[in-house]
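With mmCIF, C-alpha atoms and all ligand atoms; chains and numbers go by the auth columns inside, this is my_file02.cif:
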data_coords
#
loop_
_atom_site.group_PDB
_atom_site.id
_atom_site.type_symbol
_atom_site.label_atom_id
_atom_site.label_comp_id
_atom_site.label_asym_id
_atom_site.label_seq_id
_atom_site.Cartn_x
_atom_site.Cartn_y
_atom_site.Cartn_z
_atom_site.B_iso_or_equiv
_atom_site.auth_seq_id
_atom_site.auth_asym_id
ATOM 1 C CA MET A 1 0.000 0.000 0.000 0.00 1 A
ATOM 2 C CA ALA A 2 0.916 3.670 -0.251 0.00 2 A
ATOM 3 C CA THR A 3 2.678 5.582 2.514 0.00 3 A
ATOM 4 C CA PRO A 4 0.731 5.653 5.805 0.00 4 A
ATOM 5 C CA ARG A 5 -1.514 8.685 6.123 0.00 5 A
ATOM 6 C CA GLY A 6 -2.654 10.264 9.382 0.00 6 A
ATOM 7 C CA PHE A 7 -6.219 11.452 9.954 0.00 7 A
ATOM 8 C CA SER A 8 -7.979 13.276 12.792 0.00 8 A
ATOM 9 C CA PHE A 9 -11.718 12.952 13.275 0.00 9 A
ATOM 10 C CA VAL A 10 -12.932 15.929 15.276 0.00 10 A
ATOM 11 C CA GLY A 11 -16.374 16.014 16.866 0.00 11 A
ATOM 12 C CA GLY A 12 -17.528 19.563 17.584 0.00 12 A
ATOM 13 C CA GLU A 13 -19.486 22.361 15.986 0.00 13 A
ATOM 14 C CA VAL A 14 -17.797 22.529 12.574 0.00 14 A
ATOM 15 C CA GLY A 15 -17.122 20.165 9.681 0.00 15 A
ATOM 16 C CA ASP A 16 -18.680 18.888 6.457 0.00 16 A
ATOM 17 C CA TRP A 17 -20.552 16.081 8.198 0.00 17 A
ATOM 18 C CA ARG A 18 -23.611 16.568 10.415 0.00 18 A
ATOM 19 C CA ILE A 19 -23.885 13.963 13.182 0.00 19 A
ATOM 20 C CA LEU A 20 -27.214 12.125 13.059 0.00 20 A
ATOM 21 C CA GLY A 21 -26.593 9.789 15.969 0.00 21 A
ATOM 22 C CA CYS A 22 -23.902 8.490 18.259 0.00 22 A
ATOM 23 C CA ASP A 23 -24.780 5.110 19.775 0.00 23 A
ATOM 24 C CA VAL A 24 -22.677 3.361 22.354 0.00 24 A
ATOM 25 C CA VAL A 25 -22.490 -0.301 21.345 0.00 25 A
ATOM 26 C CA ILE A 26 -20.224 -1.218 24.260 0.00 26 A
ATOM 27 C CA GLY A 27 -17.994 0.660 26.706 0.00 27 A
ATOM 28 C CA GLU A 28 -17.498 4.311 27.584 0.00 28 A
ATOM 29 C CA PRO A 29 -19.495 6.924 25.613 0.00 29 A
ATOM 30 C CA LEU A 30 -18.053 10.017 23.889 0.00 30 A
ATOM 31 C CA PRO A 31 -19.182 13.585 24.697 0.00 31 A
ATOM 32 C CA THR A 32 -21.967 14.976 22.498 0.00 32 A
ATOM 33 C CA ALA A 33 -21.066 16.803 19.274 0.00 33 A
ATOM 34 C CA SER A 34 -23.176 18.099 16.389 0.00 34 A
ATOM 35 C CA ARG A 35 -20.668 17.979 13.507 0.00 35 A
ATOM 36 C CA LEU A 36 -17.694 15.941 12.367 0.00 36 A
ATOM 37 C CA ASP A 37 -14.614 17.405 10.739 0.00 37 A
ATOM 38 C CA ILE A 38 -12.085 15.120 9.068 0.00 38 A
ATOM 39 C CA VAL A 39 -8.578 16.539 8.921 0.00 39 A
ATOM 40 C CA GLU A 40 -5.881 14.795 6.911 0.00 40 A
ATOM 41 C CA ALA A 41 -3.171 15.185 9.552 0.00 41 A
ATOM 42 C CA LEU A 42 -2.482 14.006 13.073 0.00 42 A
ATOM 43 C CA ILE A 43 -3.384 17.152 14.950 0.00 43 A
ATOM 44 C CA GLU A 44 -1.557 17.574 18.246 0.00 44 A
ATOM 45 C CA LYS A 45 -4.191 19.454 20.213 0.00 45 A
ATOM 46 C CA PRO A 46 -7.970 19.292 19.734 0.00 46 A
ATOM 47 C CA PRO A 47 -9.136 22.598 18.185 0.00 47 A
ATOM 48 C CA ALA A 48 -11.124 25.060 20.311 0.00 48 A
ATOM 49 C CA GLY A 49 -14.754 23.970 20.539 0.00 49 A
ATOM 50 C CA ALA A 50 -13.992 20.281 19.948 0.00 50 A
ATOM 51 C CA ALA A 51 -15.854 17.785 22.131 0.00 51 A
ATOM 52 C CA TRP A 52 -13.468 15.024 21.067 0.00 52 A
ATOM 53 C CA SER A 53 -10.670 14.343 18.623 0.00 53 A
ATOM 54 C CA LEU A 54 -9.695 10.837 17.515 0.00 54 A
ATOM 55 C CA ARG A 55 -6.599 10.108 15.471 0.00 55 A
ATOM 56 C CA GLY A 56 -5.483 7.181 13.390 0.00 56 A
ATOM 57 C CA VAL A 57 -3.171 6.178 10.574 0.00 57 A
ATOM 58 C CA THR A 58 -3.696 3.998 7.529 0.00 58 A
ATOM 59 C CA SER A 59 -1.349 1.035 7.527 0.00 59 A
ATOM 60 C CA ASN A 60 -0.400 -2.198 5.827 0.00 60 A
ATOM 61 C CA GLU A 61 -2.891 -5.041 5.875 0.00 61 A
ATOM 62 C CA ARG A 62 -2.506 -7.631 8.621 0.00 62 A
ATOM 63 C CA TYR A 63 -4.852 -10.436 7.630 0.00 63 A
ATOM 64 C CA VAL A 64 -5.774 -10.280 3.952 0.00 64 A
ATOM 65 C CA THR A 65 -4.581 -13.135 1.712 0.00 65 A
ATOM 66 C CA ARG A 66 -3.478 -12.540 -1.885 0.00 66 A
ATOM 67 C CA ASN A 67 -6.722 -14.016 -3.175 0.00 67 A
ATOM 68 C CA GLU A 68 -8.873 -11.892 -0.843 0.00 68 A
ATOM 69 C CA ARG A 69 -6.981 -8.784 -1.815 0.00 69 A
ATOM 70 C CA ALA A 70 -7.624 -9.515 -5.481 0.00 70 A
ATOM 71 C CA GLN A 71 -11.368 -9.747 -4.783 0.00 71 A
ATOM 72 C CA LEU A 72 -11.344 -6.543 -2.708 0.00 72 A
ATOM 73 C CA VAL A 73 -9.445 -4.590 -5.348 0.00 73 A
ATOM 74 C CA VAL A 74 -11.988 -5.509 -8.012 0.00 74 A
ATOM 75 C CA LYS A 75 -15.044 -4.607 -5.908 0.00 75 A
ATOM 76 C CA GLN A 76 -14.125 -1.780 -3.547 0.00 76 A
ATOM 77 C CA PRO A 77 -15.130 1.760 -4.551 0.00 77 A
ATOM 78 C CA ALA A 78 -13.175 4.921 -3.758 0.00 78 A
ATOM 79 C CA LEU A 79 -14.182 7.261 -0.953 0.00 79 A
ATOM 80 C CA GLY A 80 -15.711 10.614 -1.852 0.00 80 A
ATOM 81 C CA ARG A 81 -18.381 9.475 -4.345 0.00 81 A
ATOM 82 C CA ALA A 82 -20.926 12.274 -4.847 0.00 82 A
ATOM 83 C CA GLU A 83 -23.855 9.908 -4.196 0.00 83 A
ATOM 84 C CA ALA A 84 -22.365 8.502 -0.967 0.00 84 A
ATOM 85 C CA SER A 85 -23.805 11.213 1.267 0.00 85 A
ATOM 86 C CA HIS A 86 -24.128 8.972 4.328 0.00 86 A
ATOM 87 C CA ALA A 87 -21.262 7.711 6.407 0.00 87 A
ATOM 88 C CA ALA A 88 -20.352 5.965 9.634 0.00 88 A
ATOM 89 C CA LEU A 89 -17.383 6.513 11.896 0.00 89 A
ATOM 90 C CA ILE A 90 -17.098 3.482 14.159 0.00 90 A
ATOM 91 C CA PRO A 91 -14.216 3.677 16.646 0.00 91 A
ATOM 92 C CA ILE A 92 -13.403 0.234 18.049 0.00 92 A
ATOM 93 C CA GLY A 93 -11.278 -1.105 20.883 0.00 93 A
ATOM 94 C CA LYS A 94 -10.387 -4.776 21.313 0.00 94 A
ATOM 95 C CA SER A 95 -9.711 -6.526 24.614 0.00 95 A
ATOM 96 C CA SER A 96 -6.339 -7.567 25.995 0.00 96 A
ATOM 97 C CA ALA A 97 -7.408 -11.187 25.296 0.00 97 A
ATOM 98 C CA TRP A 98 -7.365 -10.304 21.562 0.00 98 A
ATOM 99 C CA TRP A 99 -3.953 -8.643 21.691 0.00 99 A
ATOM 100 C CA GLU A 100 -2.500 -11.581 23.591 0.00 100 A
ATOM 101 C CA LEU A 101 -3.370 -13.957 20.747 0.00 101 A
ATOM 102 C CA THR A 102 -0.755 -14.746 18.128 0.00 102 A
ATOM 103 C CA GLN A 103 -1.074 -13.486 14.561 0.00 103 A
ATOM 104 C CA ASP A 104 -2.241 -16.889 13.250 0.00 104 A
ATOM 105 C CA GLU A 105 -4.850 -17.188 16.022 0.00 105 A
ATOM 106 C CA ARG A 106 -6.191 -13.712 15.214 0.00 106 A
ATOM 107 C CA ARG A 107 -6.399 -14.499 11.490 0.00 107 A
ATOM 108 C CA GLU A 108 -8.266 -17.738 12.307 0.00 108 A
ATOM 109 C CA LEU A 109 -10.803 -15.807 14.395 0.00 109 A
ATOM 110 C CA PHE A 110 -11.061 -12.878 12.005 0.00 110 A
ATOM 111 C CA GLU A 111 -11.704 -14.823 8.815 0.00 111 A
ATOM 112 C CA GLU A 112 -11.957 -18.606 9.178 0.00 112 A
ATOM 113 C CA ARG A 113 -14.400 -18.326 12.104 0.00 113 A
ATOM 114 C CA SER A 114 -15.969 -14.888 11.666 0.00 114 A
ATOM 115 C CA LYS A 115 -15.845 -14.431 7.865 0.00 115 A
ATOM 116 C CA HIS A 116 -15.197 -10.701 8.220 0.00 116 A
ATOM 117 C CA ILE A 117 -13.877 -10.329 4.668 0.00 117 A
ATOM 118 C CA ALA A 118 -16.365 -12.753 3.090 0.00 118 A
ATOM 119 C CA ILE A 119 -19.265 -10.878 4.736 0.00 119 A
ATOM 120 C CA GLY A 120 -17.809 -7.460 3.904 0.00 120 A
ATOM 121 C CA LEU A 121 -17.282 -8.358 0.246 0.00 121 A
ATOM 122 C CA ARG A 122 -21.031 -8.906 -0.152 0.00 122 A
ATOM 123 C CA TYR A 123 -21.596 -5.210 0.633 0.00 123 A
ATOM 124 C CA LEU A 124 -19.217 -3.919 -2.008 0.00 124 A
ATOM 125 C CA PRO A 125 -19.393 -1.763 -4.066 0.00 125 A
ATOM 126 C CA ALA A 126 -22.252 -0.151 -2.075 0.00 126 A
ATOM 127 C CA VAL A 127 -19.946 0.748 0.816 0.00 127 A
ATOM 128 C CA ALA A 128 -16.549 2.464 0.559 0.00 128 A
ATOM 129 C CA ARG A 129 -14.213 2.119 3.530 0.00 129 A
ATOM 130 C CA ARG A 130 -10.965 3.163 5.140 0.00 130 A
ATOM 131 C CA LEU A 131 -9.390 1.543 8.195 0.00 131 A
ATOM 132 C CA HIS A 132 -7.222 3.609 10.541 0.00 132 A
ATOM 133 C CA HIS A 133 -5.025 2.093 13.242 0.00 133 A
ATOM 134 C CA CYS A 134 -4.516 3.957 16.511 0.00 134 A
ATOM 135 C CA ARG A 135 -3.445 1.440 19.142 0.00 135 A
ATOM 136 C CA ASP A 136 0.225 2.393 18.808 0.00 136 A
ATOM 137 C CA LEU A 137 -0.571 6.112 19.030 0.00 137 A
ATOM 138 C CA GLY A 138 -1.797 5.715 22.613 0.00 138 A
ATOM 139 C CA GLU A 139 -5.326 6.693 21.561 0.00 139 A
ATOM 140 C CA PRO A 140 -8.482 5.595 23.435 0.00 140 A
ATOM 141 C CA PHE A 141 -9.486 3.194 20.597 0.00 141 A
ATOM 142 C CA ASP A 142 -7.512 0.617 18.602 0.00 142 A
ATOM 143 C CA PHE A 143 -9.188 1.335 15.255 0.00 143 A
ATOM 144 C CA LEU A 144 -11.190 4.093 13.609 0.00 144 A
ATOM 145 C CA THR A 145 -13.324 2.568 10.883 0.00 145 A
ATOM 146 C CA TRP A 146 -14.905 4.868 8.278 0.00 146 A
ATOM 147 C CA PHE A 147 -17.595 3.905 5.762 0.00 147 A
ATOM 148 C CA GLU A 148 -19.405 5.940 3.067 0.00 148 A
ATOM 149 C CA TYR A 149 -22.578 4.802 1.321 0.00 149 A
ATOM 150 C CA PRO A 150 -25.504 6.203 -0.675 0.00 150 A
ATOM 151 C CA PRO A 151 -28.727 6.604 1.388 0.00 151 A
ATOM 152 C CA GLU A 152 -30.476 3.793 -0.546 0.00 152 A
ATOM 153 C CA HIS A 153 -27.935 1.370 0.941 0.00 153 A
ATOM 154 C CA SER A 154 -28.565 2.459 4.559 0.00 154 A
ATOM 155 C CA GLU A 155 -30.540 -0.698 5.362 0.00 155 A
ATOM 156 C CA ALA A 156 -27.846 -2.893 3.792 0.00 156 A
ATOM 157 C CA PHE A 157 -25.260 -1.150 5.962 0.00 157 A
ATOM 158 C CA GLU A 158 -27.345 -1.886 9.100 0.00 158 A
ATOM 159 C CA GLU A 159 -27.479 -5.534 8.072 0.00 159 A
ATOM 160 C CA LEU A 160 -23.685 -5.590 7.602 0.00 160 A
ATOM 161 C CA VAL A 161 -22.946 -4.217 11.077 0.00 161 A
ATOM 162 C CA ARG A 162 -25.517 -6.568 12.649 0.00 162 A
ATOM 163 C CA GLU A 163 -23.871 -9.541 10.956 0.00 163 A
ATOM 164 C CA LEU A 164 -20.354 -8.583 12.023 0.00 164 A
ATOM 165 C CA ARG A 165 -21.436 -7.876 15.615 0.00 165 A
ATOM 166 C CA ARG A 166 -22.790 -11.427 15.905 0.00 166 A
ATOM 167 C CA SER A 167 -19.395 -12.902 14.945 0.00 167 A
ATOM 168 C CA ASP A 168 -16.783 -14.501 17.215 0.00 168 A
ATOM 169 C CA GLU A 169 -14.420 -11.634 16.394 0.00 169 A
ATOM 170 C CA TRP A 170 -16.802 -9.202 18.121 0.00 170 A
ATOM 171 C CA LYS A 171 -16.533 -11.139 21.413 0.00 171 A
ATOM 172 C CA TYR A 172 -13.170 -9.369 21.667 0.00 172 A
ATOM 173 C CA VAL A 173 -14.579 -5.878 21.055 0.00 173 A
ATOM 174 C CA ASP A 174 -14.713 -4.065 24.387 0.00 174 A
ATOM 175 C CA ARG A 175 -15.374 -0.522 23.187 0.00 175 A
ATOM 176 C CA GLU A 176 -17.414 0.512 20.174 0.00 176 A
ATOM 177 C CA ILE A 177 -19.276 3.688 19.288 0.00 177 A
ATOM 178 C CA ASP A 178 -21.393 3.947 16.163 0.00 178 A
ATOM 179 C CA ILE A 179 -21.455 7.526 14.850 0.00 179 A
ATOM 180 C CA ARG A 180 -23.672 8.177 11.823 0.00 180 A
ATOM 181 C CA VAL A 181 -23.252 11.298 9.724 0.00 181 A
ATOM 182 C CA VAL A 182 -24.626 12.948 6.593 0.00 182 A
ATOM 183 C CA ARG A 183 -22.597 15.192 4.311 0.00 183 A
ATOM 184 C CA GLU A 184 -23.695 18.806 4.263 0.00 184 A
ATOM 185 C CA GLY A 185 -20.532 20.676 3.318 0.00 185 A
ATOM 186 C CA ARG A 186 -18.692 20.882 -0.063 0.00 186 A
HETATM 187 C C1 LIG B . -17.869 -2.742 3.951 0.00 201 A
HETATM 188 C C2 LIG B . -17.541 -4.009 4.119 0.00 201 A
HETATM 189 C C3 LIG B . -16.261 -4.384 4.824 0.00 201 A
HETATM 190 C C4 LIG B . -15.173 -4.926 4.267 0.00 201 A
HETATM 191 C C5 LIG B . -14.989 -5.311 2.791 0.00 201 A
HETATM 192 C C6 LIG B . -14.184 -5.067 5.295 0.00 201 A
HETATM 193 C C7 LIG B . -12.923 -5.563 5.107 0.00 201 A
HETATM 194 C C8 LIG B . -11.935 -5.592 6.044 0.00 201 A
HETATM 195 C C9 LIG B . -10.613 -6.104 5.820 0.00 201 A
HETATM 196 C C10 LIG B . -10.104 -6.678 4.508 0.00 201 A
HETATM 197 C C11 LIG B . -9.929 -5.968 6.977 0.00 201 A
HETATM 198 C C12 LIG B . -8.516 -6.469 7.279 0.00 201 A
HETATM 199 C C13 LIG B . -7.418 -5.509 6.967 0.00 201 A
HETATM 200 C C14 LIG B . -6.094 -6.180 7.305 0.00 201 A
HETATM 201 O O1 LIG B . -5.753 -7.195 6.667 0.00 201 A
HETATM 202 O O2 LIG B . -5.413 -5.694 8.221 0.00 201 A
HETATM 203 C C15 LIG B . -10.810 -5.343 7.934 0.00 201 A
HETATM 204 C C16 LIG B . -10.451 -5.004 9.209 0.00 201 A
HETATM 205 C C17 LIG B . -11.307 -4.432 10.115 0.00 201 A
HETATM 206 N N1 LIG B . -12.628 -4.106 9.917 0.00 201 A
HETATM 207 FE FE1 LIG B . -13.700 -4.455 8.244 0.00 201 A
HETATM 208 N N2 LIG B . -14.702 -4.628 6.492 0.00 201 A
HETATM 209 C C18 LIG B . -15.973 -4.194 6.247 0.00 201 A
HETATM 210 C C19 LIG B . -16.848 -3.679 7.175 0.00 201 A
HETATM 211 C C20 LIG B . -16.544 -3.430 8.496 0.00 201 A
HETATM 212 C C21 LIG B . -17.451 -2.849 9.457 0.00 201 A
HETATM 213 C C22 LIG B . -18.902 -2.438 9.148 0.00 201 A
HETATM 214 C C23 LIG B . -16.770 -2.713 10.624 0.00 201 A
HETATM 215 C C24 LIG B . -17.239 -2.154 11.953 0.00 201 A
HETATM 216 C C25 LIG B . -18.500 -2.257 12.378 0.00 201 A
HETATM 217 C C26 LIG B . -15.429 -3.200 10.391 0.00 201 A
HETATM 218 C C27 LIG B . -14.420 -3.185 11.320 0.00 201 A
HETATM 219 C C28 LIG B . -13.116 -3.589 11.083 0.00 201 A
HETATM 220 C C29 LIG B . -12.063 -3.555 12.070 0.00 201 A
HETATM 221 C C30 LIG B . -12.169 -3.042 13.506 0.00 201 A
HETATM 222 C C31 LIG B . -10.922 -4.071 11.466 0.00 201 A
HETATM 223 C C32 LIG B . -9.547 -4.257 12.098 0.00 201 A
HETATM 224 C C33 LIG B . -9.505 -5.633 12.713 0.00 201 A
HETATM 225 C C34 LIG B . -8.174 -5.961 13.365 0.00 201 A
HETATM 226 O O3 LIG B . -7.123 -5.621 12.794 0.00 201 A
HETATM 227 O O4 LIG B . -8.211 -6.559 14.452 0.00 201 A
HETATM 228 N N3 LIG B . -15.322 -3.646 9.103 0.00 201 A
HETATM 229 N N4 LIG B . -12.023 -5.135 7.349 0.00 201 A
#

As a first step, turn the structure in this file into structure tokens.
Amino acid sequence: MATPRGFSFVGGEVGDWRILGCDVVIGEPLPTASRLDIVEALIEKPPAGAAWSLRGVTSNERYVTRNERAQLVVKQPALGRAEASHAALIPIGKSSAWWELTQDERRELFEERSKHIAIGLRYLPAVARRLHHCRDLGEPFDFLTWFEYPPEHSEAFEELVRELRRSDEWKYVDREIDIRVVREGR
């Protein structure tokens, strides 16, 4: 993949995305905010007026096989499609039990048992995505997951998250917040 890129997701009063809802799936909540601003940089200090600021970096893949990558590359759309006016920012933390597993045990849980990629592939090209890692930045979450989709695929997106949350992989998720937004800027 290309060079890692840093992003900051700032919840506050400004930004192109209006926050529709912020549901706690498990763990500590986040303070209330009305808008989301996405900054392509790791900002050091939250800007004035920010309720929260979450940072993450894109990185190399950990689990994808060559064959899976080939399928993803064919199906996955780019972010920023004009029609994809709805989006979800889902920050996720995994338990110490997950991080104590070895790489092969995590892969087994992630795909052989939970079918994360197989399930996800069924929702492409409706949903565009970007995964950010933040565990090594000392952030409150391990991952910031970002998804964009056209409003007519909202129900499909709900089905996708329901399916993943029923998986064995999700038994290791100990913090998850589901923030839904709609694009109003640009
Ligand atoms: C749109 C369909 C989706 C596809 C195609 C997809 C695909 C993937 C792939 C290929 C990876 C592994 C990257 C690697 O090898 O390191 C991954 C990781 C991840 N995905 Fe998804 N995903 C989808 C939806 C979701 C959703 C809806 C969520 C959250 C509710 C989610 C949460 C995560 C997390 C937290 C990771 C990191 C797991 C870890 O490294 O422990 N994904 N996804």

Sorted per-residue table, chain A near ligand LIG 201 (chain A), closest atoms and distance, 8 Å, only C-alpha atoms and all ligand atoms, as JSON lines:
{"residue": "A:Ser59", "atom": "CA", "partner": "A:LIG201", "partner_atom": "O2", "distance": 7.9}
{"residue": "A:Asn60", "atom": "CA", "partner": "A:LIG201", "partner_atom": "O2", "distance": 6.6}
{"residue": "A:Glu61", "atom": "CA", "partner": "A:LIG201", "partner_atom": "O2", "distance": 3.5}
{"residue": "A:Arg62", "atom": "CA", "partner": "A:LIG201", "partner_atom": "O2", "distance": 3.5}
{"residue": "A:Tyr63", "atom": "CA", "partner": "A:LIG201", "partner_atom": "O1", "distance": 3.5}
{"residue": "A:Val64", "atom": "CA", "partner": "A:LIG201", "partner_atom": "O1", "distance": 4.1}
{"residue": "A:Thr65", "atom": "CA", "partner": "A:LIG201", "partner_atom": "O1", "distance": 7.8}
{"residue": "A:Glu68", "atom": "CA", "partner": "A:LIG201", "partner_atom": "C10", "distance": 7.6}
{"residue": "A:Arg69", "atom": "CA", "partner": "A:LIG201", "partner_atom": "C10", "distance": 7.4}
{"residue": "A:Leu72", "atom": "CA", "partner": "A:LIG201", "partner_atom": "C5", "distance": 6.7}
{"residue": "A:Gln76", "atom": "CA", "partner": "A:LIG201", "partner_atom": "C5", "distance": 7.3}
{"residue": "A:Ile90", "atom": "CA", "partner": "A:LIG201", "partner_atom": "C24", "distance": 6.1}
{"residue": "A:Pro91", "atom": "CA", "partner": "A:LIG201", "partner_atom": "C30", "distance": 7.7}
{"residue": "A:Ile92", "atom": "CA", "partner": "A:LIG201", "partner_atom": "C30", "distance": 5.7}
{"residue": "A:Gly93", "atom": "CA", "partner": "A:LIG201", "partner_atom": "C30", "distance": 7.7}
{"residue": "A:Lys94", "atom": "CA", "partner": "A:LIG201", "partner_atom": "O4", "distance": 7.4}
{"residue": "A:Arg106", "atom": "CA", "partner": "A:LIG201", "partner_atom": "O4", "distance": 7.5}
{"residue": "A:Phe110", "atom": "CA", "partner": "A:LIG201", "partner_atom": "O4", "distance": 7.4}
{"residue": "A:His116", "atom": "CA", "partner": "A:LIG201", "partner_atom": "N2", "distance": 6.3}
{"residue": "A:Ile117", "atom": "CA", "partner": "A:LIG201", "partner_atom": "C7", "distance": 4.9}
{"residue": "A:Ala118", "atom": "CA", "partner": "A:LIG201", "partner_atom": "C5", "distance": 7.6}
{"residue": "A:Ile119", "atom": "CA", "partner": "A:LIG201", "partner_atom": "C2", "distance": 7.1}
{"residue": "A:Gly120", "atom": "CA", "partner": "A:LIG201", "partner_atom": "C2", "distance": 3.5}
{"residue": "A:Leu121", "atom": "CA", "partner": "A:LIG201", "partner_atom": "C5", "distance": 4.6}
{"residue": "A:Arg122", "atom": "CA", "partner": "A:LIG201", "partner_atom": "C2", "distance": 7.4}
{"residue": "A:Tyr123", "atom": "CA", "partner": "A:LIG201", "partner_atom": "C2", "distance": 5.5}
{"residue": "A:Leu124", "atom": "CA", "partner": "A:LIG201", "partner_atom": "C1", "distance": 6.2}
{"residue": "A:Ala126", "atom": "CA", "partner": "A:LIG201", "partner_atom": "C1", "distance": 7.9}
{"residue": "A:Val127", "atom": "CA", "partner": "A:LIG201", "partner_atom": "C1", "distance": 5.1}
{"residue": "A:Ala128", "atom": "CA", "partner": "A:LIG201", "partner_atom": "C1", "distance": 6.4}
{"residue": "A:Arg129", "atom": "CA", "partner": "A:LIG201", "partner_atom": "C1", "distance": 6.1}
{"residue": "A:Leu131", "atom": "CA", "partner": "A:LIG201", "partner_atom": "C17", "distance": 6.6}
{"residue": "A:His133", "atom": "CA", "partner": "A:LIG201", "partner_atom": "C32", "distance": 7.9}
{"residue": "A:Asp142", "atom": "CA", "partner": "A:LIG201", "partner_atom": "C30", "distance": 7.8}
{"residue": "A:Phe143", "atom": "CA", "partner": "A:LIG201", "partner_atom": "C30", "distance": 5.6}
{"residue": "A:Leu144", "atom": "CA", "partner": "A:LIG201", "partner_atom": "C30", "distance": 7.2}
{"residue": "A:Thr145", "atom": "CA", "partner": "A:LIG201", "partner_atom": "C27", "distance": 5.9}
{"residue": "A:Phe147", "atom": "CA", "partner": "A:LIG201", "partner_atom": "C1", "distance": 6.9}
{"residue": "A:Phe157", "atom": "CA", "partner": "A:LIG201", "partner_atom": "C22", "distance": 7.2}
{"residue": "A:Leu160", "atom": "CA", "partner": "A:LIG201", "partner_atom": "C22", "distance": 5.9}
{"residue": "A:Val161", "atom": "CA", "partner": "A:LIG201", "partner_atom": "C22", "distance": 4.8}
{"residue": "A:Leu164", "atom": "CA", "partner": "A:LIG201", "partner_atom": "C25", "distance": 6.6}
{"residue": "A:Arg165", "atom": "CA", "partner": "A:LIG201", "partner_atom": "C25", "distance": 7.1}
{"residue": "A:Asp178", "atom": "CA", "partner": "A:LIG201", "partner_atom": "C25", "distance": 7.8}

Once you add 5 Å to each side, what are the centre and edge lengths of the axis-aligned box holding all listed atoms of segment 90-102 of chain A? One decimal in Å, as AutoDock Vina command-line options, if you can.
--center_x -8.9 --center_y -5.5 --center_z 20.1 --size_x 26.3 --size_y 28.4 --size_z 21.8

How far is it from atom CA of Trp17 of chain A to atom CA of Ser34 of chain A, in Å with one decimal?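 For atom CA of Trp17 of chain A relative to atom CA of Ser34 of chain A, the distance reads 8.8 Å.
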
So which one's closest to Ala97 of chain A, A:Glu169, A:Asp37, A:Asp136, A:Glu112? Using only C-alpha atoms, please.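 Of A:Glu169, A:Asp37, A:Asp136, A:Glu112, the one nearest Ala97 of chain A, counting only C-alpha atoms, is A:Glu169.
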
Counting only C-alpha atoms, closest pick from A:His86, A:Arg5, A:Lys75, A:Arg55 relative to Arg180 of chain A is A:His86

Enter the distance from atom CA of Asp16 of chain A to atom CA of Ser85 of chain A, in Å, rounded to one decimal. 10.6 Å

Rounded to one decimal place, report the atom CA of Ser95 of chain A-atom CA of Lys115 of chain A distance in Å.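 Computing the Euclidean distance for atom CA of Ser95 of chain A and atom CA of Lys115 of chain A yields 19.5 Å.
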
Return as a list of chain:residue names the set of residues that the PyMOL selection byres (((chain A and resi 82) around 10) and not hetatm) yields on the displayed structure.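 The output of the PyMOL selection byres (((chain A and resi 82) around 10) and not hetatm) on this file is A:Leu79, A:Gly80, A:Arg81, A:Glu83, A:Ala84, A:Ser85, A:Tyr149, A:Pro150, A:Arg183.
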
Answer key for the PyMOL selection byres (((chain A and resi 20) around 8) and not hetatm), residues as number ranges by chain: A: 18-19, 21-22, 34, 179-182

Between A:Leu109, A:Val39, A:Val57, A:Ala87, single out the one closest to Arg135 of chain A, counting all atoms listed in the file. A:Val57

Compare A:Glu44, A:Lys171, A:Glu184, A:Pro4 by their minimum atom-to-atom distance to Trp98 of chain A, counting all atoms listed in the file, and give me the closest one. A:Lys171

Contacts of Ser53 of chain A within 9 Å, all atoms listed in the file, excl. fewer than 4 positions in-chain, as a list of chain:residue names: A:Ser8, A:Phe9, A:Val10, A:Gly11, A:Gly12, A:Ile43, A:Lys45, A:Pro46, A:Pro47

Calculated over all atoms listed in the file, which of the candidates A:Asp23, A:Tyr172, A:Leu36, A:Ile177 has the smallest distance to Trp99 of chain A?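 For Trp99 of chain A, the nearest of the candidates is A:Tyr172.
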
Between A:Pro31, A:Pro125, A:Gly185, A:Gly56, which has the minimum distance to Pro77 of chain A (counting all atoms listed in the file)? A:Pro125

Residue IDs satisfying the PyMOL selection byres (((chain A and resi 26) around 6) and not hetatm), as a PyMOL selection string: chain A and resi 24-25+27+175-176

Those selected residues, please, written with C-alpha atoms and delivered as a PDB file, in the frame of the given file.
ATOM      1  CA  VAL A  24     -22.677   3.361  22.354  1.00  0.00           C
ATOM      2  CA  VAL A  25     -22.490  -0.301  21.345  1.00  0.00           C
ATOM      3  CA  GLY A  27     -17.994   0.660  26.706  1.00  0.00           C
ATOM      4  CA  ARG A 175     -15.374  -0.522  23.187  1.00  0.00           C
ATOM      5  CA  GLU A 176     -17.414   0.512  20.174  1.00  0.00           C
TER       6      GLU A 176
END
